[in-house]
$ cat start05.pdb   # PDB, C-alpha atoms
MODEL        1
ATOM      1  CA  LEU A   1     -25.444 -32.566  96.170
ATOM      2  CA  GLN A   2     -27.210 -35.390  98.012
ATOM      3  CA  THR A   3     -26.058 -34.473 101.526
ATOM      4  CA  PRO A   4     -24.890 -30.840 101.487
ATOM      5  CA  GLU A   5     -24.988 -30.661 105.299
ATOM      6  CA  ARG A   6     -21.974 -33.017 105.361
ATOM      7  CA  VAL A   7     -19.781 -30.804 103.155
ATOM      8  CA  LYS A   8     -17.968 -27.648 104.247
ATOM      9  CA  ALA A   9     -15.987 -27.104 101.044
ATOM     10  CA  LEU A  10     -15.671 -28.787  97.670
ATOM     11  CA  ALA A  11     -12.771 -29.217  95.271
ATOM     12  CA  LEU A  12     -13.413 -30.551  91.775
ATOM     13  CA  VAL A  13     -10.347 -31.726  89.867
ATOM     14  CA  SER A  14     -10.786 -32.264  86.113
ATOM     15  CA  SER A  15     -14.222 -33.471  87.056
ATOM     16  CA  ALA A  16     -16.588 -35.610  85.050
ATOM     17  CA  GLY A  17     -20.275 -34.759  85.160
ATOM     18  CA  LEU A  18     -20.001 -31.166  83.976
ATOM     19  CA  GLY A  19     -20.792 -31.670  80.276
ATOM     20  CA  LYS A  20     -21.301 -34.336  77.638
ATOM     21  CA  GLU A  21     -17.949 -34.084  75.843
ATOM     22  CA  VAL A  22     -15.136 -36.495  76.631
ATOM     23  CA  SER A  23     -12.159 -37.755  74.699
ATOM     24  CA  ARG A  24     -12.884 -39.673  71.507
ATOM     25  CA  ALA A  25     -10.525 -42.383  72.786
ATOM     26  CA  LEU A  26     -12.711 -42.975  75.850
ATOM     27  CA  ARG A  27     -15.878 -42.969  73.771
ATOM     28  CA  LEU A  28     -14.376 -45.598  71.444
ATOM     29  CA  LEU A  29     -13.650 -47.882  74.405
ATOM     30  CA  THR A  30     -17.399 -47.974  75.115
ATOM     31  CA  LEU A  31     -18.211 -49.512  71.733
ATOM     32  CA  PRO A  32     -19.740 -52.974  72.193
ATOM     33  CA  GLY A  33     -17.013 -55.558  72.689
ATOM     34  CA  LEU A  34     -14.060 -53.186  72.287
ATOM     35  CA  GLY A  35     -13.577 -52.572  76.008
ATOM     36  CA  LYS A  36     -13.696 -56.313  76.716
ATOM     37  CA  MET A  37     -11.158 -57.016  73.981
ATOM     38  CA  ALA A  38      -8.899 -54.268  75.339
ATOM     39  CA  ALA A  39      -9.158 -55.719  78.856
ATOM     40  CA  VAL A  40      -8.039 -59.156  77.610
ATOM     41  CA  TRP A  41      -5.187 -57.793  75.456
ATOM     42  CA  ASN A  42      -3.946 -55.394  78.114
ATOM     43  CA  LYS A  43      -3.290 -58.243  80.551
ATOM     44  CA  THR A  44      -0.411 -59.394  78.364
ATOM     45  CA  ALA A  45       3.021 -57.803  78.828
ATOM     46  CA  ALA A  46       2.777 -56.020  75.463
ATOM     47  CA  GLY A  47      -0.822 -54.987  76.119
ATOM     48  CA  ALA A  48      -0.015 -53.621  79.585
ATOM     49  CA  TYR A  49       2.793 -51.562  78.068
ATOM     50  CA  GLN A  50       0.434 -50.308  75.351
ATOM     51  CA  TRP A  51      -2.257 -49.481  77.978
ATOM     52  CA  SER A  52       0.280 -47.475  79.983
ATOM     53  CA  LEU A  53       1.446 -45.654  76.876
ATOM     54  CA  PHE A  54      -2.147 -44.903  75.815
ATOM     55  CA  ASN A  55      -3.008 -43.512  79.259
ATOM     56  CA  THR A  56       0.176 -41.487  79.484
ATOM     57  CA  MET A  57      -0.408 -39.894  76.079
ATOM     58  CA  LEU A  58      -4.039 -39.178  76.916
ATOM     59  CA  LEU A  59      -3.616 -37.879  80.457
ATOM     60  CA  PHE A  60      -0.420 -35.823  80.318
ATOM     61  CA  TYR A  61       0.253 -32.631  78.379
ATOM     62  CA  ARG A  62       3.883 -33.690  78.076
ATOM     63  CA  PRO A  63       3.752 -37.498  78.029
ATOM     64  CA  THR A  64       7.532 -37.823  77.825
ATOM     65  CA  GLU A  65       7.786 -36.060  81.201
ATOM     66  CA  ALA A  66       5.292 -38.310  82.994
ATOM     67  CA  PRO A  67       6.800 -39.779  86.152
ATOM     68  CA  ARG A  68       8.362 -43.171  85.466
ATOM     69  CA  ALA A  69       6.793 -44.506  88.645
ATOM     70  CA  TRP A  70       3.347 -43.501  87.368
ATOM     71  CA  PHE A  71       3.960 -45.270  84.058
ATOM     72  CA  ALA A  72       5.218 -48.385  85.869
ATOM     73  CA  SER A  73       2.193 -48.423  88.177
ATOM     74  CA  MET A  74      -0.151 -48.228  85.155
ATOM     75  CA  LYS A  75       1.564 -51.294  83.654
ATOM     76  CA  GLN A  76       1.302 -53.139  86.945
ATOM     77  CA  MET A  77      -2.368 -52.263  87.447
ATOM     78  CA  ALA A  78      -3.251 -53.316  83.884
ATOM     79  CA  ARG A  79      -2.195 -56.862  84.743
ATOM     80  CA  MET A  80      -4.014 -57.012  88.093
ATOM     81  CA  PRO A  81      -7.002 -59.376  88.117
ATOM     82  CA  GLY A  82     -10.248 -57.485  87.611
ATOM     83  CA  TYR A  83      -8.703 -54.011  87.244
ATOM     84  CA  LEU A  84      -9.336 -53.498  83.534
ATOM     85  CA  GLU A  85     -12.736 -55.176  83.649
ATOM     86  CA  ALA A  86     -13.775 -52.814  86.453
ATOM     87  CA  THR A  87     -12.307 -49.837  84.596
ATOM     88  CA  MET A  88     -14.152 -50.705  81.370
ATOM     89  CA  THR A  89     -17.409 -51.351  83.259
ATOM     90  CA  ALA A  90     -17.164 -48.006  85.061
ATOM     91  CA  LEU A  91     -16.359 -46.219  81.800
ATOM     92  CA  GLY A  92     -19.304 -47.896  80.059
ATOM     93  CA  ASN A  93     -21.640 -46.849  82.877
ATOM     94  CA  ILE A  94     -20.586 -43.211  82.729
ATOM     95  CA  CYS A  95     -19.954 -42.818  78.982
ATOM     96  CA  SER A  96     -21.260 -44.041  75.669
ATOM     97  CA  PRO A  97     -19.961 -43.562  72.129
ATOM     98  CA  ALA A  98     -21.858 -40.236  72.215
ATOM     99  CA  GLY A  99     -20.102 -38.932  75.363
ATOM    100  CA  GLN A 100     -20.980 -38.718  79.055
ATOM    101  CA  ARG A 101     -24.381 -40.120  79.816
ATOM    102  CA  ASP A 102     -26.957 -37.469  80.681
ATOM    103  CA  ARG A 103     -27.852 -39.068  84.027
ATOM    104  CA  TYR A 104     -24.325 -38.342  85.276
ATOM    105  CA  ILE A 105     -24.221 -34.697  84.234
ATOM    106  CA  VAL A 106     -24.835 -32.542  87.314
ATOM    107  CA  LEU A 107     -23.902 -29.144  85.903
ATOM    108  CA  ASP A 108     -27.368 -27.618  86.347
ATOM    109  CA  LYS A 109     -27.509 -28.789  89.973
ATOM    110  CA  LEU A 110     -24.364 -26.896  90.995
ATOM    111  CA  GLU A 111     -26.349 -23.690  91.592
ATOM    112  CA  SER A 112     -27.821 -25.275  94.727
ATOM    113  CA  LEU A 113     -24.393 -25.620  96.381
ATOM    114  CA  GLU A 114     -23.653 -22.937  98.944
ATOM    115  CA  VAL A 115     -20.235 -24.133 100.134
ATOM    116  CA  PRO A 116     -16.978 -22.669  98.848
ATOM    117  CA  ALA A 117     -15.925 -24.595  95.766
ATOM    118  CA  LEU A 118     -12.633 -24.722  93.938
ATOM    119  CA  VAL A 119     -12.479 -26.092  90.399
ATOM    120  CA  LEU A 120      -8.997 -27.140  89.260
ATOM    121  CA  TRP A 121      -8.197 -28.008  85.637
ATOM    122  CA  GLY A 122      -5.311 -28.540  83.279
ATOM    123  CA  GLU A 123      -5.689 -26.171  80.326
ATOM    124  CA  GLN A 124      -4.621 -28.892  77.870
ATOM    125  CA  ASP A 125      -6.830 -31.645  79.278
ATOM    126  CA  ARG A 126      -7.414 -34.205  76.485
ATOM    127  CA  VAL A 127      -9.887 -36.270  78.518
ATOM    128  CA  ILE A 128     -12.471 -33.667  79.537
ATOM    129  CA  PRO A 129     -12.286 -30.198  77.982
ATOM    130  CA  CYS A 130     -11.298 -27.289  80.204
ATOM    131  CA  HIS A 131     -14.416 -25.328  79.259
ATOM    132  CA  HIS A 132     -16.361 -27.700  81.540
ATOM    133  CA  GLY A 133     -14.492 -26.028  84.405
ATOM    134  CA  HIS A 134     -15.618 -22.606  83.196
ATOM    135  CA  ALA A 135     -19.214 -23.845  83.031
ATOM    136  CA  ALA A 136     -18.977 -25.142  86.601
ATOM    137  CA  GLU A 137     -17.468 -21.921  87.921
ATOM    138  CA  ALA A 138     -20.294 -19.917  86.331
ATOM    139  CA  ARG A 139     -22.915 -21.981  88.175
ATOM    140  CA  LEU A 140     -21.283 -22.211  91.592
ATOM    141  CA  ALA A 141     -22.412 -19.482  93.990
ATOM    142  CA  ARG A 142     -19.029 -19.492  95.751
ATOM    143  CA  GLY A 143     -16.906 -21.122  93.085
ATOM    144  CA  ARG A 144     -13.539 -20.279  91.607
ATOM    145  CA  LEU A 145     -11.679 -21.899  88.705
ATOM    146  CA  ILE A 146      -7.908 -22.346  88.761
ATOM    147  CA  LYS A 147      -6.320 -23.493  85.498
ATOM    148  CA  PHE A 148      -2.865 -24.956  85.187
ATOM    149  CA  GLY A 149      -1.076 -24.066  81.959
ATOM    150  CA  GLN A 150       0.856 -26.718  80.051
ATOM    151  CA  CYS A 151      -1.003 -29.366  82.014
ATOM    152  CA  GLY A 152      -3.318 -32.218  81.076
ATOM    153  CA  HIS A 153      -5.950 -34.205  82.969
ATOM    154  CA  LEU A 154      -3.864 -34.834  86.095
ATOM    155  CA  PRO A 155      -2.844 -31.443  87.536
ATOM    156  CA  HIS A 156      -2.187 -33.093  90.920
ATOM    157  CA  VAL A 157       0.543 -35.147  89.202
ATOM    158  CA  GLU A 158       1.719 -32.946  86.341
ATOM    159  CA  ALA A 159       1.717 -29.663  88.292
ATOM    160  CA  ALA A 160       2.024 -31.180  91.760
ATOM    161  CA  SER A 161       3.706 -28.311  93.630
ATOM    162  CA  GLY A 162       1.426 -25.602  92.222
ATOM    163  CA  PHE A 163      -1.595 -27.829  92.752
ATOM    164  CA  ALA A 164      -0.631 -28.506  96.378
ATOM    165  CA  GLU A 165      -0.109 -24.802  97.036
ATOM    166  CA  VAL A 166      -3.536 -23.896  95.605
ATOM    167  CA  ILE A 167      -5.442 -26.697  97.307
ATOM    168  CA  ASN A 168      -3.741 -26.133 100.669
ATOM    169  CA  GLY A 169      -4.532 -22.416 100.475
ATOM    170  CA  PHE A 170      -8.151 -23.217  99.708
ATOM    171  CA  LEU A 171      -8.464 -25.718 102.546
ATOM    172  CA  ASP A 172      -6.781 -23.342 105.005
TER     173      ASP A 172
ENDMDL
END

$ encode --input "start05.pdb" --output "structure tokens"
Amino acid sequence: LQTPERVKALALVSSAGLGKEVSRALRLLTLPGLGKMAAVWNKTAAGAYQWSLFNTMLLFYRPTEAPRAWFASMKQMARMPGYLEATMTALGNICSPAGQRDRYIVLDKLESLEVPALVLWGEQDRVIPCHHGHAAEARLARGRLIKFGQCGHLPHVEAASGFAEVINGFLD
């Protein structure tokens, strides 16, 4: 939006900024002090496991089928210095207990984009509702929405082969 001359095509994947609604779990983490407490707790072995479990349940339609490597990397990242503090700070900047902050919602600005745009979304996204993708598609002059059934917030992980096929076709 800021430098459209530098963009030839755009792909939005389960994108923030297209509406106010986000998961109640994310909104709760923005309550004063709660995110900081979570960051401290999640650095412990038990907390890192709990953080990984929380993220897996939130992000995947079928949490029990999440890649083990993904789960392990979430545990490892939770214990990395500064990771959770940065995550909680970023979340608090973008969201509040009421949802996404208005200054980050760009939905009404999408009409100015003239490049081809592909919006990809998991139909069972528990982080950001799929209807945000429909709203984006309706405002994009050259936009198209692709939804992945039985898929959550990470279609590039949960529906990797179908996602790759769609995105490669779009980029070609």

$ closest_residue --input "start05.pdb" --among "A:Ala117, A:Ala78, A:Ala86, A:Cys130" --to "Ala9 (chain A)" --atoms "only C-alpha atoms"
A:Ala117

$ resolve_selection --input "start05.pdb" --expression "the PyMOL selection byres ((chain A and resi 80) around 12)" --output "ChimeraX atom specification"
/A:39-40,42-45,48,73-79,81-87

$ write_last_selection --input "start05.pdb" --atoms "C-alpha atoms" --output "short mmCIF file (atom, residue, chain, number, x, y, z; two decimals), keeping the file's coordinate frame"
data_model
loop_
_atom_site.label_atom_id
_atom_site.label_comp_id
_atom_site.auth_asym_id
_atom_site.auth_seq_id
_atom_site.Cartn_x
_atom_site.Cartn_y
_atom_site.Cartn_z
CA ALA A 39 -9.16 -55.72 78.86
CA VAL A 40 -8.04 -59.16 77.61
CA ASN A 42 -3.95 -55.39 78.11
CA LYS A 43 -3.29 -58.24 80.55
CA THR A 44 -0.41 -59.39 78.36
CA ALA A 45 3.02 -57.80 78.83
CA ALA A 48 -0.02 -53.62 79.58
CA SER A 73 2.19 -48.42 88.18
CA MET A 74 -0.15 -48.23 85.16
CA LYS A 75 1.56 -51.29 83.65
CA GLN A 76 1.30 -53.14 86.94
CA MET A 77 -2.37 -52.26 87.45
CA ALA A 78 -3.25 -53.32 83.88
CA ARG A 79 -2.19 -56.86 84.74
CA PRO A 81 -7.00 -59.38 88.12
CA GLY A 82 -10.25 -57.48 87.61
CA TYR A 83 -8.70 -54.01 87.24
CA LEU A 84 -9.34 -53.50 83.53
CA GLU A 85 -12.74 -55.18 83.65
CA ALA A 86 -13.78 -52.81 86.45
CA THR A 87 -12.31 -49.84 84.60
#

$ closest_residue --input "start05.pdb" --among "A:Gln100, A:Asn55, A:Ser15, A:Asn93" --to "His134 (chain A)" --atoms "only C-alpha atoms"
A:Ser15

$ residues_around --input "start05.pdb" --residues "Val13 (chain A)" --least-positions-apart "6" --cutoff "9 Å" --atoms "all atoms listed in the file" --output "list of chain:residue names"
A:Leu118, A:Val119, A:Leu120, A:Trp121, A:Gly122, A:Gly133, A:His153, A:Leu154, A:Pro155, A:His156

$ closest_residue --input "start05.pdb" --among "A:Leu10, A:Arg24, A:Glu123, A:Gly19" --to "Leu107 (chain A)" --atoms "all atoms listed in the file"
A:Gly19

$ residues_near_point --input "start05.pdb" --point "(-24.4, -38.3, 81.0)" --cutoff "12 Å" --atoms "only C-alpha atoms" --output "list in words"
Ala16, Gly17, Leu18, Gly19, Lys20, Glu21, Val22, Leu91, Gly92, Asn93, Ile94, Cys95, Ser96, Pro97, Ala98, Gly99, Gln100, Arg101, Asp102, Arg103, Tyr104, Ile105, Val106 and Leu107 of chain A

$ atom_distance --input "start05.pdb" --atom1 "CA of Ala138 (chain A)" --atom2 "CA of Ser14 (chain A)"
15.6 Å

$ atom_distance --input "start05.pdb" --atom1 "CA of Lys147 (chain A)" --atom2 "CA of Leu53 (chain A)"
25.0 Å

$ atom_distance --input "start05.pdb" --atom1 "CA of Glu5 (chain A)" --atom2 "CA of Ile167 (chain A)"
21.5 Å

$ resolve_selection --input "start05.pdb" --expression "the PyMOL selection byres ((chain A and resi 57-69) around 6)" --output "number ranges by chain"
A: 54-56, 70-72, 151-153

$ residues_around --input "start05.pdb" --residues "Pro116 (chain A)" --least-positions-apart "6" --cutoff "10 Å" --atoms "all atoms listed in the file" --output "short mmCIF file (atom, residue, chain, number, x, y, z; two decimals) with C-alpha atoms, in the frame of the given file"
data_model
loop_
_atom_site.label_atom_id
_atom_site.label_comp_id
_atom_site.auth_asym_id
_atom_site.auth_seq_id
_atom_site.Cartn_x
_atom_site.Cartn_y
_atom_site.Cartn_z
CA VAL A 7 -19.78 -30.80 103.16
CA LYS A 8 -17.97 -27.65 104.25
CA ALA A 9 -15.99 -27.10 101.04
CA LEU A 10 -15.67 -28.79 97.67
CA ALA A 11 -12.77 -29.22 95.27
CA LEU A 140 -21.28 -22.21 91.59
CA ALA A 141 -22.41 -19.48 93.99
CA ARG A 142 -19.03 -19.49 95.75
CA GLY A 143 -16.91 -21.12 93.08
CA ARG A 144 -13.54 -20.28 91.61
CA PHE A 170 -8.15 -23.22 99.71
CA LEU A 171 -8.46 -25.72 102.55
#

$ closest_residue --input "start05.pdb" --among "A:Ser52, A:Thr3, A:Ala90, A:Ser112" --to "Leu29 (chain A)" --atoms "all atoms listed in the file"
A:Ala90

$ axis_aligned_box --input "start05.pdb" --around "region 47-66 of chain A" --padding-each-side "3 Å" --output "lines of an AutoDock Vina configuration file"
center_x = 1.9
center_y = -43.8
center_z = 79.2
size_x = 17.8
size_y = 28.4
size_z = 13.6

$ closest_residue --input "start05.pdb" --among "A:Ala135, A:Gly169, A:Gln124, A:Pro129" --to "Phe148 (chain A)" --atoms "all atoms listed in the file"
A:Gln124
